[in-house]
>>> print(open('start-v6.txt').read())   # compact mmCIF, C-alpha atoms and all ligand atoms
# COMPACT_ATOMS: atom_id res chain seq x y z
CA MET A 745 87.92 -266.14 -44.92
CA VAL A 746 84.67 -265.11 -43.20
CA SER A 747 81.98 -264.07 -45.69
CA ASP A 748 80.43 -260.66 -45.02
CA SER A 749 77.09 -261.65 -46.50
CA VAL A 750 74.61 -264.46 -45.92
CA GLU A 751 72.11 -266.04 -48.29
CA LEU A 752 68.78 -267.14 -46.87
CA THR A 753 65.16 -267.51 -47.94
CA LEU A 754 62.59 -265.02 -46.67
CA ASP A 755 58.95 -265.78 -47.50
CA GLY A 756 60.00 -267.98 -50.42
CA ARG A 757 62.45 -265.43 -51.86
CA LYS A 758 66.21 -265.99 -51.86
CA VAL A 759 68.00 -262.90 -50.54
CA GLU A 760 71.54 -261.96 -49.67
CA VAL A 761 72.00 -259.76 -46.60
CA ALA A 762 74.91 -258.56 -44.48
CA ALA A 763 76.23 -261.14 -42.03
CA GLY A 764 75.48 -260.34 -38.40
CA LEU A 765 72.03 -258.85 -39.02
CA THR A 766 69.08 -260.13 -37.06
CA ILE A 767 66.23 -261.70 -38.98
CA LEU A 768 64.22 -258.56 -38.19
CA GLN A 769 66.89 -256.29 -39.66
CA ALA A 770 67.21 -258.55 -42.70
CA CYS A 771 63.44 -258.45 -43.22
CA ARG A 772 63.31 -254.68 -42.88
CA SER A 773 66.14 -254.31 -45.39
CA GLU A 774 64.05 -256.40 -47.80
CA GLY A 775 60.86 -254.40 -47.19
CA ILE A 776 59.17 -257.10 -45.08
CA GLU A 777 57.28 -255.61 -42.14
CA ILE A 778 57.33 -257.41 -38.80
CA PRO A 779 55.57 -255.97 -35.74
CA THR A 780 57.66 -255.41 -32.60
CA LEU A 781 56.91 -254.20 -29.12
CA CYS A 782 59.74 -254.74 -26.65
CA TYR A 783 62.39 -254.22 -29.32
CA LEU A 784 63.87 -250.76 -29.79
CA GLU A 785 66.84 -250.10 -32.03
CA THR A 786 68.71 -248.26 -29.25
CA LEU A 787 68.39 -251.12 -26.72
CA ASP A 788 69.59 -254.71 -26.68
CA PRO A 789 66.84 -257.20 -27.59
CA ILE A 790 65.25 -258.72 -24.50
CA ASN A 791 62.72 -261.13 -26.03
CA ALA A 792 59.97 -260.13 -23.63
CA CYS A 793 56.94 -259.80 -25.90
CA ARG A 794 57.44 -262.38 -28.68
CA LEU A 795 55.35 -260.29 -31.05
CA CYS A 796 58.11 -260.43 -33.65
CA VAL A 797 58.23 -264.24 -33.90
CA VAL A 798 58.76 -265.93 -37.27
CA GLU A 799 58.71 -269.53 -38.41
CA LEU A 800 62.17 -270.96 -39.03
CA GLN A 801 62.31 -274.21 -40.97
CA GLY A 802 63.68 -276.99 -38.77
CA ALA A 803 63.17 -275.09 -35.48
CA ARG A 804 60.79 -276.64 -32.93
CA VAL A 805 59.37 -273.30 -31.78
CA LEU A 806 58.79 -269.90 -33.37
CA VAL A 807 61.88 -267.71 -33.02
CA PRO A 808 62.04 -264.03 -32.04
CA SER A 809 63.26 -262.22 -35.14
CA CYS A 810 64.53 -259.21 -33.16
CA SER A 811 67.32 -261.21 -31.54
CA ARG A 812 67.96 -264.25 -33.78
CA ARG A 813 70.78 -263.59 -36.22
CA VAL A 814 70.68 -264.68 -39.83
CA GLU A 815 72.52 -267.85 -40.84
CA ALA A 816 73.32 -269.17 -44.30
CA GLY A 817 70.56 -271.37 -45.67
CA MET A 818 67.85 -270.32 -43.22
CA VAL A 819 64.30 -270.66 -44.56
CA VAL A 820 62.03 -268.16 -42.81
CA GLN A 821 58.28 -267.56 -43.02
CA THR A 822 57.20 -264.22 -41.57
CA GLU A 823 53.42 -264.46 -42.09
CA SER A 824 52.57 -268.18 -41.91
CA GLU A 825 49.29 -269.14 -40.24
CA ARG A 826 51.23 -270.29 -37.17
CA VAL A 827 52.98 -266.92 -36.94
CA ARG A 828 49.76 -264.97 -37.44
CA HIS A 829 48.00 -267.09 -34.82
CA SER A 830 50.77 -266.48 -32.31
CA ARG A 831 50.87 -262.71 -32.89
CA ARG A 832 47.07 -262.50 -32.69
CA LEU A 833 47.02 -264.31 -29.35
CA ILE A 834 49.80 -262.16 -27.87
CA LEU A 835 47.98 -259.00 -28.91
CA GLU A 836 44.68 -260.28 -27.50
CA LEU A 837 46.28 -261.11 -24.16
CA LEU A 838 48.01 -257.73 -23.99
CA ALA A 839 45.03 -255.66 -25.06
CA GLY A 840 42.75 -257.71 -22.81
CA SER A 841 44.80 -257.05 -19.71
CA VAL A 842 45.98 -253.43 -19.99
CA ASP A 843 44.73 -250.19 -21.48
CA LEU A 844 46.34 -249.70 -24.90
CA SER A 845 44.29 -246.65 -25.88
CA LEU A 846 47.40 -244.44 -25.86
CA ALA A 847 49.76 -247.03 -27.34
CA ALA A 848 52.06 -246.31 -30.26
CA PRO A 849 50.16 -246.32 -33.60
CA GLU A 850 52.18 -249.35 -34.80
CA LEU A 851 50.79 -251.44 -31.95
CA LYS A 852 47.23 -250.43 -32.74
CA ALA A 853 47.88 -251.18 -36.40
CA ALA A 854 49.10 -254.67 -35.48
CA ILE A 855 45.88 -255.32 -33.54
CA ASP A 856 43.91 -254.54 -36.70
CA ARG A 857 46.30 -256.38 -39.01
CA TYR A 858 46.00 -259.66 -37.08
CA GLY A 859 42.31 -259.33 -36.27
CA ALA A 860 42.97 -259.53 -32.51
CA ARG A 861 39.80 -259.66 -30.40
CA PRO A 862 40.81 -258.95 -26.79
CA GLU A 863 37.17 -259.17 -25.68
CA ARG A 864 37.45 -262.96 -26.09
CA PHE A 865 39.12 -262.97 -22.69
CA GLY A 866 36.41 -261.02 -20.91
CA SER A 867 36.45 -257.48 -19.66
CA ALA A 868 39.73 -255.83 -18.64
CA PRO A 869 40.72 -256.23 -14.98
CA PRO A 870 40.30 -253.22 -12.66
CA ARG A 871 43.23 -250.86 -12.87
CA ASN A 872 44.94 -248.68 -10.29
CA ALA A 873 44.94 -244.91 -10.62
CA PRO A 874 48.04 -243.32 -12.18
CA ILE A 875 50.83 -242.52 -9.72
CA VAL A 876 51.44 -238.77 -9.65
CA ASP A 877 54.18 -238.25 -7.08
CA ASN A 878 56.34 -235.62 -8.76
CA ASN A 879 56.00 -232.68 -11.13
CA LEU A 880 57.78 -234.19 -14.13
CA TYR A 881 56.31 -237.54 -15.08
CA VAL A 882 53.41 -239.82 -14.29
CA ARG A 883 53.40 -243.62 -13.95
CA ASP A 884 50.19 -245.33 -15.06
CA TYR A 885 50.85 -249.04 -14.78
CA GLY A 886 47.37 -249.88 -15.99
CA ARG A 887 48.89 -249.25 -19.43
CA CYS A 888 52.11 -251.22 -18.89
CA VAL A 889 52.84 -254.22 -21.15
CA LEU A 890 56.02 -255.18 -19.28
CA CYS A 891 58.23 -254.66 -22.28
CA TYR A 892 61.22 -253.85 -20.00
CA ARG A 893 62.29 -250.94 -22.18
CA CYS A 894 62.15 -248.49 -19.27
CA VAL A 895 64.13 -250.82 -17.02
CA ASP A 896 66.89 -251.12 -19.61
CA ALA A 897 66.90 -247.38 -20.33
CA CYS A 898 67.16 -246.57 -16.64
CA GLY A 899 69.73 -249.35 -16.17
CA ASP A 900 72.95 -250.24 -17.89
CA GLN A 901 71.87 -249.43 -21.43
CA ALA A 902 71.50 -245.68 -21.04
CA GLN A 903 71.17 -243.98 -17.68
CA ASN A 904 72.90 -246.37 -15.25
CA THR A 905 70.67 -245.16 -12.44
CA PHE A 906 68.65 -248.34 -11.77
CA ALA A 907 65.78 -246.44 -10.14
CA ILE A 908 63.13 -248.77 -11.60
CA SER A 909 62.97 -252.50 -12.08
CA VAL A 910 60.56 -255.40 -12.33
CA ALA A 911 59.03 -256.43 -9.01
CA GLY A 912 57.09 -259.62 -8.37
CA ARG A 913 56.79 -262.66 -10.60
CA ALA A 914 54.52 -264.06 -13.28
CA PHE A 915 51.02 -262.47 -13.15
CA GLY A 916 52.15 -260.36 -10.17
CA ALA A 917 55.08 -258.79 -12.02
CA THR A 918 55.04 -255.00 -12.32
CA ILE A 919 57.47 -252.19 -12.97
CA ALA A 920 58.29 -250.61 -9.63
CA THR A 921 60.74 -248.55 -7.67
CA GLU A 922 62.74 -250.14 -4.87
CA TYR A 923 60.31 -251.08 -2.09
CA THR A 924 57.71 -249.26 -4.25
CA ALA A 925 58.92 -245.99 -2.75
CA PRO A 926 57.59 -242.74 -4.23
CA LEU A 927 59.86 -241.62 -7.07
CA PRO A 928 61.29 -238.59 -5.18
CA GLU A 929 62.61 -241.01 -2.55
CA THR A 930 64.48 -243.16 -5.08
CA ALA A 931 67.70 -242.76 -7.04
CA CYS A 932 65.73 -241.33 -10.00
CA VAL A 933 67.40 -238.32 -11.59
CA TYR A 934 64.34 -237.43 -13.72
CA CYS A 935 66.10 -237.79 -17.06
CA GLY A 936 62.84 -239.14 -18.46
CA ASN A 937 64.68 -241.68 -20.59
CA CYS A 938 62.20 -244.28 -19.38
CA VAL A 939 59.38 -242.02 -20.58
CA GLY A 940 61.10 -241.65 -23.94
CA VAL A 941 61.10 -245.39 -24.64
CA CYS A 942 57.68 -246.37 -23.23
CA PRO A 943 55.45 -247.55 -26.12
CA THR A 944 52.10 -247.38 -24.35
CA GLY A 945 51.89 -244.12 -22.42
CA ALA A 946 52.35 -245.94 -19.11
CA LEU A 947 55.12 -243.45 -18.44
CA MET A 948 54.19 -239.96 -19.54
CA ALA A 949 55.46 -236.42 -19.09
CA LYS A 950 53.23 -234.69 -16.56
CA SER A 951 52.69 -231.82 -19.00
CA GLU A 952 51.12 -234.27 -21.47
CA HIS A 953 49.23 -236.11 -18.74
CA ASP A 954 47.68 -232.88 -17.44
CA MET A 955 46.74 -231.63 -20.89
CA ARG A 956 45.11 -234.98 -21.71
CA ALA A 957 43.17 -234.87 -18.43
CA GLU A 958 41.90 -231.39 -19.35
CA GLY A 959 41.04 -232.50 -22.90
CA ARG A 960 43.59 -230.08 -24.38
CA TRP A 961 46.17 -232.54 -25.81
CA ASP A 962 45.80 -232.60 -29.60
CA GLU A 963 48.63 -234.12 -31.63
CA SER A 964 46.92 -233.15 -34.89
CA ARG A 965 47.64 -229.51 -33.97
CA GLN A 966 51.23 -230.10 -32.89
CA THR A 967 54.42 -229.42 -34.82
CA LYS A 968 57.85 -230.89 -34.14
CA THR A 969 60.98 -228.80 -34.48
CA ASP A 970 64.52 -230.05 -33.96
CA THR A 971 66.94 -227.74 -32.21
CA ILE A 972 70.03 -227.99 -30.01
CA CYS A 973 69.69 -227.97 -26.24
CA PRO A 974 71.19 -224.74 -24.91
CA TYR A 975 72.05 -225.97 -21.44
CA CYS A 976 75.55 -227.43 -21.89
CA GLY A 977 78.29 -228.21 -24.36
CA VAL A 978 77.14 -231.72 -25.21
CA GLY A 979 74.73 -230.28 -27.75
CA CYS A 980 71.89 -232.79 -27.57
CA THR A 981 69.31 -232.65 -30.33
CA LEU A 982 65.93 -231.67 -28.88
CA THR A 983 62.66 -232.22 -30.71
CA LEU A 984 60.25 -229.63 -29.41
CA HIS A 985 56.57 -230.58 -29.67
CA VAL A 986 54.61 -227.35 -29.96
CA GLN A 987 50.87 -226.81 -29.69
CA ASP A 988 49.21 -223.39 -29.83
CA ASN A 989 52.60 -221.68 -29.90
CA THR A 990 53.57 -223.38 -26.64
CA ILE A 991 56.14 -226.14 -26.07
CA VAL A 992 54.24 -229.12 -24.67
CA LYS A 993 56.92 -231.82 -24.70
CA ALA A 994 60.60 -232.38 -25.53
CA THR A 995 62.03 -235.58 -26.95
CA SER A 996 65.15 -236.51 -28.90
CA PRO A 997 65.37 -238.59 -32.10
CA LEU A 998 66.37 -242.23 -31.62
CA ASP A 999 68.73 -242.00 -34.59
CA ASP A 1000 70.58 -238.96 -33.27
CA SER A 1001 74.29 -239.79 -33.04
CA VAL A 1002 74.73 -237.77 -29.83
CA THR A 1003 71.67 -238.70 -27.78
CA HIS A 1004 70.31 -241.95 -29.26
CA GLY A 1005 67.00 -240.63 -27.92
CA ASN A 1006 68.27 -239.98 -24.41
CA LEU A 1007 68.29 -236.66 -22.59
CA CYS A 1008 68.92 -235.36 -19.08
CA ILE A 1009 66.42 -233.62 -16.81
CA LYS A 1010 67.25 -230.20 -18.26
CA GLY A 1011 66.77 -231.12 -21.91
CA ARG A 1012 63.71 -233.29 -21.26
CA PHE A 1013 61.83 -231.10 -18.80
CA GLY A 1014 63.64 -227.78 -18.43
CA TRP A 1015 61.95 -225.82 -21.18
CA GLU A 1016 59.13 -224.07 -19.32
CA PHE A 1017 61.19 -220.90 -18.84
CA VAL A 1018 61.05 -220.36 -22.60
CA GLN A 1019 57.37 -219.60 -22.48
CA ILE A 1020 57.18 -217.29 -19.48
CA ARG A 1021 55.83 -214.36 -21.40
CA LYS A 1022 54.89 -212.02 -18.59
CA PRO A 1023 57.03 -208.89 -18.49
CA ALA A 1024 59.74 -209.05 -15.83
CA ARG A 1025 58.99 -207.05 -12.69
CA GLU A 1026 60.64 -203.67 -12.47
S1 LIG B 1101 63.57 -240.66 -15.12
FE1 LIG B 1101 65.62 -241.52 -15.60
S2 LIG B 1101 66.48 -242.07 -13.60
FE2 LIG B 1101 64.27 -241.78 -13.27
S3 LIG B 1101 63.36 -243.83 -13.48
FE3 LIG B 1101 63.28 -242.88 -15.52
S4 LIG B 1101 65.18 -243.51 -16.56
FE4 LIG B 1101 65.44 -243.92 -14.36
S1 LIG B 1102 56.27 -248.76 -18.18
FE1 LIG B 1102 56.29 -248.61 -20.43
S2 LIG B 1102 58.43 -249.00 -21.02
FE2 LIG B 1102 58.18 -249.72 -18.91
S3 LIG B 1102 57.72 -251.90 -19.12
FE3 LIG B 1102 55.75 -250.80 -18.98
S4 LIG B 1102 55.16 -250.42 -21.11
FE4 LIG B 1102 57.33 -250.98 -21.13
S1 LIG B 1103 59.93 -257.43 -30.34
FE1 LIG B 1103 61.04 -259.31 -30.47
S2 LIG B 1103 60.54 -260.30 -28.63
FE2 LIG B 1103 59.55 -258.37 -28.42
>>> encode(input="start-v6.txt", output="structure tokens", more="lines below")
Ligand code: SF4
Ligand code: SF4
Ligand code: FES
Amino acid sequence: MVSDSVELTLDGRKVEVAAGLTILQACRSEGIEIPTLCYLETLDPINACRLCVVELQGARVLVPSCSRRVEAGMVVQTESERVRHSRRLILELLAGSVDLSLAAPELKAAIDRYGARPERFGSAPPRNAPIVDNNLYVRDYGRCVLCYRCVDACGDQAQNTFAISVAGRAFGATIATEYTAPLPETACVYCGNCVGVCPTGALMAKSEHDMRAEGRWDESRQTKTDTICPYCGVGCTLTLHVQDNTIVKATSPLDDSVTHGNLCIKGRFGWEFVQIRKPARE
């Protein structure tokens, strides 16, 4: 008979968790916080960033907790000096090479938590201007940490469009369209699912990009309201971000059983008609 639970030791404490969980899921179920970057619960783990590494007794190298599954008898340290050193270095290299000023709050919190000092590696390299080649979203690769989330969301894990991928290798690797063509000349269907998963603001709705450029974007004055998309019978959950009584962005919750965070072009970007408040012409 296969047991449906596994006993292991997390940070010196014996715990019993459901078989099949990853170490990350086991830790979260036990209230142990581990930082992640490339991992997203709606995508398969890709092991790109290694920020989630933990020390596993008997293993030669640190293991990525987001993909390694629990096994009976494992002894895991989630905050050993070796782990902290590794996370600090990863964060320093990332923050020293790209602009993380608009990154998710959890990433900024991790930089503080591990005392990362990106300035140790000198000043940030020059960055290219954001690519604004359509009216719906902007690509600013000077903020990209190569987490691959957008590639997976555009590819076989959500959209199956394959409009974006990784081009180049090693230090020359970037997210790009085929032959770096402008987005309107690619297979992109403007679902914005890549935008929805980007943790750094490298991909951003143009509405948000423009408001930030004009100094008008202010999340402290925004509310979020869940509603149902009116466009078709699928009934996707939309989260409308509203500032000054105006919709400024639409997203969908990752834990929504219909969308899993994904939308189509209409749900993601087709809300501007709601706020045309001029009287119709006679
Ligand atoms: S908007 Fe949709 S189709 Fe276009 S690149 Fe992003 S995920 Fe792919
Ligand atoms: S554009 Fe965003 S989602 Fe895509 S790899 Fe870069 S940081 Fe990750
Ligand atoms: S979060 Fe686990 S490798 Fe990136």
>>> residues_around(input="start-v6.txt", residues="A:Thr981", least_positions_apart="5", cutoff="7 Å", atoms="all atoms listed in the file", output="NGL selection string")
:A and (970-973 or 996 or 1003)
>>> residues_near_ligand(input="start-v6.txt", ligand="ligand LIG 1101 (chain B)", cutoff="9 Å", atoms="only C-alpha atoms and all ligand atoms", output="PyMOL selection string")
chain A and resi 880-881+894-899+902-909+921+927+930-940+947+1007-1009
>>> closest_residue(input="start-v6.txt", among="A:Ala994, A:Val910, A:Leu982, A:Ile776", to="ligand LIG 1102 (chain B)", atoms="all atoms listed in the file")
A:Val910
>>> closest_atom_pairs(input="start-v6.txt", of="chain A", to="ligand LIG 1103 (chain B)", cutoff="10 Å", atoms="all atoms listed in the file", output="JSON lines")
{"residue": "A:Leu768", "atom": "CA", "partner": "B:LIG1103", "partner_atom": "FE1", "distance": 8.4}
{"residue": "A:Ile778", "atom": "CA", "partner": "B:LIG1103", "partner_atom": "S1", "distance": 8.9}
{"residue": "A:Pro779", "atom": "CA", "partner": "B:LIG1103", "partner_atom": "S1", "distance": 7.1}
{"residue": "A:Thr780", "atom": "CA", "partner": "B:LIG1103", "partner_atom": "S1", "distance": 3.8}
{"residue": "A:Leu781", "atom": "CA", "partner": "B:LIG1103", "partner_atom": "S1", "distance": 4.6}
{"residue": "A:Cys782", "atom": "CA", "partner": "B:LIG1103", "partner_atom": "FE2", "distance": 4.0}
{"residue": "A:Tyr783", "atom": "CA", "partner": "B:LIG1103", "partner_atom": "S1", "distance": 4.2}
{"residue": "A:Leu784", "atom": "CA", "partner": "B:LIG1103", "partner_atom": "S1", "distance": 7.8}
{"residue": "A:Pro789", "atom": "CA", "partner": "B:LIG1103", "partner_atom": "FE1", "distance": 6.8}
{"residue": "A:Ile790", "atom": "CA", "partner": "B:LIG1103", "partner_atom": "S2", "distance": 6.5}
{"residue": "A:Asn791", "atom": "CA", "partner": "B:LIG1103", "partner_atom": "S2", "distance": 3.5}
{"residue": "A:Ala792", "atom": "CA", "partner": "B:LIG1103", "partner_atom": "S2", "distance": 5.0}
{"residue": "A:Cys793", "atom": "CA", "partner": "B:LIG1103", "partner_atom": "FE2", "distance": 3.9}
{"residue": "A:Arg794", "atom": "CA", "partner": "B:LIG1103", "partner_atom": "S2", "distance": 3.7}
{"residue": "A:Leu795", "atom": "CA", "partner": "B:LIG1103", "partner_atom": "FE2", "distance": 5.3}
{"residue": "A:Cys796", "atom": "CA", "partner": "B:LIG1103", "partner_atom": "FE1", "distance": 4.5}
{"residue": "A:Val797", "atom": "CA", "partner": "B:LIG1103", "partner_atom": "FE1", "distance": 6.6}
{"residue": "A:Val798", "atom": "CA", "partner": "B:LIG1103", "partner_atom": "FE1", "distance": 9.8}
{"residue": "A:Val807", "atom": "CA", "partner": "B:LIG1103", "partner_atom": "S2", "distance": 8.7}
{"residue": "A:Pro808", "atom": "CA", "partner": "B:LIG1103", "partner_atom": "FE1", "distance": 5.1}
{"residue": "A:Ser809", "atom": "CA", "partner": "B:LIG1103", "partner_atom": "FE1", "distance": 5.9}
{"residue": "A:Cys810", "atom": "CA", "partner": "B:LIG1103", "partner_atom": "FE1", "distance": 4.4}
{"residue": "A:Ser811", "atom": "CA", "partner": "B:LIG1103", "partner_atom": "FE1", "distance": 6.6}
{"residue": "A:Arg812", "atom": "CA", "partner": "B:LIG1103", "partner_atom": "FE1", "distance": 9.1}
{"residue": "A:Cys891", "atom": "CA", "partner": "B:LIG1103", "partner_atom": "FE2", "distance": 7.3}
{"residue": "A:Tyr892", "atom": "CA", "partner": "B:LIG1103", "partner_atom": "FE2", "distance": 9.7}
>>> residues_near_point(input="start-v6.txt", point="(50.2, -261.2, -26.8)", cutoff="10 Å", atoms="all atoms listed in the file", output="number ranges by chain")
A: 781, 793-795, 830-841, 855, 860, 862, 889
>>> axis_aligned_box(input="start-v6.txt", around="stretch 902-918 of chain A", padding_each_side="3 Å", output="lines of an AutoDock Vina configuration file")
center_x = 62.0
center_y = -254.0
center_z = -14.7
size_x = 27.9
size_y = 26.1
size_z = 18.7
>>> residues_around(input="start-v6.txt", residues="A:Ile875", least_positions_apart="6", cutoff="7 Å", atoms="all atoms listed in the file", output="list in words")
Val882, Arg883 and Asp884 of chain A
>>> closest_residue(input="start-v6.txt", among="A:Arg1012, A:Arg1021, A:Lys993, A:Arg887", to="ligand LIG 1102 (chain B)", atoms="all atoms listed in the file")
A:Arg887
>>> closest_residue(input="start-v6.txt", among="A:Gly886, A:Gly977, A:Pro926, A:Gly916", to="ligand LIG 1102 (chain B)", atoms="only C-alpha atoms and all ligand atoms")
A:Gly886
>>> atom_distance(input="start-v6.txt", atom1="atom FE2 of ligand LIG 1102 (chain B)", atom2="atom CA of A:Ala847")
12.2 Å
>>> residues_around(input="start-v6.txt", residues="A:Glu785", least_positions_apart="5", cutoff="10 Å", atoms="all atoms listed in the file", output="list in words")
Gln769, Cys810, Leu998, Asp999 and His1004 of chain A
>>> closest_residue(input="start-v6.txt", among="A:Gly756, A:Gly912, A:Gly817, A:Gly945", to="ligand LIG 1102 (chain B)", atoms="all atoms listed in the file")
A:Gly945
>>> closest_residue(input="start-v6.txt", among="A:Gly802, A:Val820, A:Thr944, A:Ala873", to="A:Asp755", atoms="all atoms listed in the file")
A:Val820
>>> atom_distance(input="start-v6.txt", atom1="atom CA of A:Ile919", atom2="atom CA of A:Asn872")
13.3 Å
>>> closest_residue(input="start-v6.txt", among="A:Glu760, A:Glu774, A:Thr786, A:Leu890", to="ligand LIG 1102 (chain B)", atoms="all atoms listed in the file")
A:Leu890
>>> atom_distance(input="start-v6.txt", atom1="atom FE2 of ligand LIG 1102 (chain B)", atom2="atom CA of A:Arg893")
5.4 Å
>>> residues_near_point(input="start-v6.txt", point="(59.8, -273.9, -37.2)", cutoff="12 Å", atoms="only C-alpha atoms", output="ChimeraX atom specification")
/A:797-808,818-822,824-827
>>> write_last_selection(input="start-v6.txt", atoms="C-alpha atoms", output="mmCIF file, in the coordinates of the input")
data_model
loop_
_atom_site.group_PDB
_atom_site.id
_atom_site.type_symbol
_atom_site.label_atom_id
_atom_site.label_comp_id
_atom_site.auth_asym_id
_atom_site.auth_seq_id
_atom_site.Cartn_x
_atom_site.Cartn_y
_atom_site.Cartn_z
ATOM 1 C CA VAL A 797 58.230 -264.240 -33.900
ATOM 2 C CA VAL A 798 58.760 -265.930 -37.270
ATOM 3 C CA GLU A 799 58.710 -269.530 -38.410
ATOM 4 C CA LEU A 800 62.170 -270.960 -39.030
ATOM 5 C CA GLN A 801 62.310 -274.210 -40.970
ATOM 6 C CA GLY A 802 63.680 -276.990 -38.770
ATOM 7 C CA ALA A 803 63.170 -275.090 -35.480
ATOM 8 C CA ARG A 804 60.790 -276.640 -32.930
ATOM 9 C CA VAL A 805 59.370 -273.300 -31.780
ATOM 10 C CA LEU A 806 58.790 -269.900 -33.370
ATOM 11 C CA VAL A 807 61.880 -267.710 -33.020
ATOM 12 C CA PRO A 808 62.040 -264.030 -32.040
ATOM 13 C CA MET A 818 67.850 -270.320 -43.220
ATOM 14 C CA VAL A 819 64.300 -270.660 -44.560
ATOM 15 C CA VAL A 820 62.030 -268.160 -42.810
ATOM 16 C CA GLN A 821 58.280 -267.560 -43.020
ATOM 17 C CA THR A 822 57.200 -264.220 -41.570
ATOM 18 C CA SER A 824 52.570 -268.180 -41.910
ATOM 19 C CA GLU A 825 49.290 -269.140 -40.240
ATOM 20 C CA ARG A 826 51.230 -270.290 -37.170
ATOM 21 C CA VAL A 827 52.980 -266.920 -36.940
#
>>> residues_around(input="start-v6.txt", residues="A:Arg813", least_positions_apart="4", cutoff="8 Å", atoms="only C-alpha atoms", output="PDB file with C-alpha atoms, in the frame of the given file")
ATOM      1  CA  GLY A 764      75.480-260.340 -38.400  1.00  0.00           C
ATOM      2  CA  LEU A 765      72.030-258.850 -39.020  1.00  0.00           C
ATOM      3  CA  THR A 766      69.080-260.130 -37.060  1.00  0.00           C
ATOM      4  CA  ILE A 767      66.230-261.700 -38.980  1.00  0.00           C
ATOM      5  CA  SER A 809      63.260-262.220 -35.140  1.00  0.00           C
TER       6      SER A 809
END
